[in-house]
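Below: one structure, written as structure tokens.
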Amino acid sequence: MNRVGDPSMFEFHKIWTEQCEAALVIEFEFGAEKALGYLVGEKLVAFVQASDGDPLFAGELPLFIAEIKRIFEQEEIRKYLESVKRLGPLGHVLDDEDHDYWVAEGIVQEGPTSWAEDMLVIERIRGLLLD
């Protein structure tokens, strides 16, 4: 088990900080929506899900949330959360046509259960990110 002061804790902490830095680059090159898709729709979703079963993730979650709120305006976050269509790595990469193709070909598996899970995660994230 990792303990505070353990070198692996530093690396663990560094993961989300690097993701936030990457989001700044994405925002500069592609805009806030793409950056939020990456940081919130992919990285934060995974982090929130992991925090349910891992106290190390749970302990870092407030710091990650605070950094996202520092980087993005509340209105940008709100707009993203109101318009998000899909979560995960492909959620912000595929357009609707490509997504539909991938689903039809069986490359992407989704259905009512995954949609409900996504909605629950988005609502939880909404509560964490929006004042």
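Naming scheme: A, B, ... for chains in displayed order of the structure tokens; residues 1 onward per chain; ligands 1 onward as shown.
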
Run DSSP on the backbone of this structure and report the residues of segment 23-71 of chain A it assigns to alpha helix (DSSP H), as a PyMOL selection string.
chain A and resi 23-30+32-38+45-51+55-71

Could you write those residues out with N, CA and C atoms, as a compact mmCIF listing (two decimals), in the first residue's frame?
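Final output, selection-v1.txt:
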```
# COMPACT_ATOMS: atom_id res chain seq x y z
N ALA A 23 -4.37 19.45 -21.24
CA ALA A 23 -5.63 20.11 -21.58
C ALA A 23 -5.41 21.56 -21.98
N LEU A 24 -4.46 22.23 -21.34
CA LEU A 24 -4.15 23.62 -21.72
C LEU A 24 -3.64 23.69 -23.16
N VAL A 25 -2.81 22.74 -23.55
CA VAL A 25 -2.30 22.69 -24.91
C VAL A 25 -3.45 22.41 -25.89
N ILE A 26 -4.31 21.46 -25.54
CA ILE A 26 -5.45 21.14 -26.38
C ILE A 26 -6.36 22.36 -26.53
N GLU A 27 -6.58 23.06 -25.42
CA GLU A 27 -7.43 24.26 -25.48
C GLU A 27 -6.84 25.29 -26.43
N PHE A 28 -5.54 25.50 -26.33
CA PHE A 28 -4.87 26.48 -27.19
C PHE A 28 -4.99 26.10 -28.66
N GLU A 29 -4.82 24.79 -28.96
CA GLU A 29 -4.81 24.35 -30.34
C GLU A 29 -6.20 24.07 -30.92
N PHE A 30 -7.14 23.59 -30.07
CA PHE A 30 -8.42 23.13 -30.60
C PHE A 30 -9.65 23.73 -29.92
N ALA A 32 -11.78 25.12 -26.10
CA ALA A 32 -12.18 24.65 -24.78
C ALA A 32 -13.01 23.38 -24.83
N GLU A 33 -13.88 23.24 -25.83
CA GLU A 33 -14.74 22.05 -25.90
C GLU A 33 -13.90 20.77 -26.03
N LYS A 34 -12.92 20.79 -26.91
CA LYS A 34 -12.04 19.61 -27.08
C LYS A 34 -11.22 19.37 -25.81
N ALA A 35 -10.73 20.45 -25.21
CA ALA A 35 -9.94 20.30 -23.99
C ALA A 35 -10.77 19.72 -22.85
N LEU A 36 -12.00 20.18 -22.72
CA LEU A 36 -12.89 19.65 -21.68
C LEU A 36 -13.30 18.22 -21.99
N GLY A 37 -13.48 17.89 -23.27
CA GLY A 37 -13.76 16.51 -23.64
C GLY A 37 -12.65 15.58 -23.19
N TYR A 38 -11.41 16.02 -23.40
CA TYR A 38 -10.26 15.24 -22.97
C TYR A 38 -10.18 15.17 -21.44
N VAL A 45 -13.60 11.44 -15.74
CA VAL A 45 -14.55 10.32 -15.64
C VAL A 45 -13.83 9.09 -15.08
N ALA A 46 -12.69 8.75 -15.67
CA ALA A 46 -11.94 7.59 -15.20
C ALA A 46 -11.49 7.77 -13.75
N PHE A 47 -11.08 8.98 -13.42
CA PHE A 47 -10.60 9.28 -12.06
C PHE A 47 -11.73 9.15 -11.05
N VAL A 48 -12.90 9.66 -11.38
CA VAL A 48 -14.06 9.57 -10.49
C VAL A 48 -14.44 8.10 -10.28
N GLN A 49 -14.47 7.34 -11.35
CA GLN A 49 -14.81 5.93 -11.23
C GLN A 49 -13.79 5.19 -10.38
N ALA A 50 -12.51 5.49 -10.56
CA ALA A 50 -11.47 4.85 -9.77
C ALA A 50 -11.54 5.27 -8.30
N SER A 51 -11.98 6.50 -8.05
CA SER A 51 -12.03 7.00 -6.67
C SER A 51 -13.05 6.24 -5.83
N PRO A 55 -8.87 4.58 -2.16
CA PRO A 55 -8.74 5.77 -1.33
C PRO A 55 -7.66 6.74 -1.82
N LEU A 56 -6.67 6.25 -2.55
CA LEU A 56 -5.65 7.16 -3.09
C LEU A 56 -6.25 8.07 -4.16
N PHE A 57 -7.06 7.50 -5.03
CA PHE A 57 -7.75 8.31 -6.03
C PHE A 57 -8.73 9.26 -5.34
N ALA A 58 -9.47 8.75 -4.36
CA ALA A 58 -10.45 9.57 -3.64
C ALA A 58 -9.77 10.76 -2.97
N GLY A 59 -8.58 10.55 -2.44
CA GLY A 59 -7.85 11.63 -1.79
C GLY A 59 -7.35 12.71 -2.74
N GLU A 60 -7.08 12.32 -3.96
CA GLU A 60 -6.60 13.26 -4.97
C GLU A 60 -7.72 13.97 -5.70
N LEU A 61 -8.92 13.41 -5.66
CA LEU A 61 -10.03 13.95 -6.44
C LEU A 61 -10.31 15.43 -6.16
N PRO A 62 -10.36 15.88 -4.90
CA PRO A 62 -10.61 17.32 -4.67
C PRO A 62 -9.55 18.22 -5.29
N LEU A 63 -8.30 17.76 -5.32
CA LEU A 63 -7.23 18.56 -5.92
C LEU A 63 -7.39 18.64 -7.44
N PHE A 64 -7.75 17.53 -8.03
CA PHE A 64 -7.98 17.48 -9.48
C PHE A 64 -9.15 18.40 -9.84
N ILE A 65 -10.22 18.30 -9.10
CA ILE A 65 -11.40 19.15 -9.33
C ILE A 65 -11.02 20.63 -9.22
N ALA A 66 -10.27 20.97 -8.19
CA ALA A 66 -9.88 22.37 -7.98
C ALA A 66 -9.04 22.89 -9.15
N GLU A 67 -8.17 22.05 -9.68
CA GLU A 67 -7.35 22.48 -10.81
C GLU A 67 -8.18 22.67 -12.07
N ILE A 68 -9.14 21.80 -12.31
CA ILE A 68 -10.02 21.97 -13.47
C ILE A 68 -10.78 23.28 -13.34
N LYS A 69 -11.27 23.57 -12.15
CA LYS A 69 -12.01 24.82 -11.92
C LYS A 69 -11.12 26.05 -12.06
N ARG A 70 -9.83 25.88 -11.80
CA ARG A 70 -8.89 26.98 -11.97
C ARG A 70 -8.62 27.24 -13.45
N ILE A 71 -8.54 26.17 -14.23
CA ILE A 71 -8.21 26.28 -15.65
C ILE A 71 -9.38 26.80 -16.47
```

Any idea what's packed within 12 Å of Arg86 of chain A, counting only C-alpha atoms, ignoring anything in its chain fewer than 6 positions away? Could you give it as a VMD selection string?
chain A and resid 37 to 38 40 to 42 45 80 92 to 96 99 to 100 108 110 to 111 114 to 119 121 to 122

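When atom CA of Gly127 of chain A is paired with atom CA of Val84 of chain A, their separation reads 15.3 Å.
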
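Here atom CA of Trp102 of chain A and atom CA of Cys20 of chain A stand 28.5 Å from one another.
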
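Atom CA of Arg126 of chain A is found 6.9 Å from atom CA of Leu81 of chain A.
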
Pick from A:Leu39, A:Leu87, A:Ile77, A:Ile107, whichever lies nearest to Leu128 of chain A using only C-alpha atoms:
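Comparing A:Leu39, A:Leu87, A:Ile77, A:Ile107 against Leu128 of chain A, the winner is A:Ile77.
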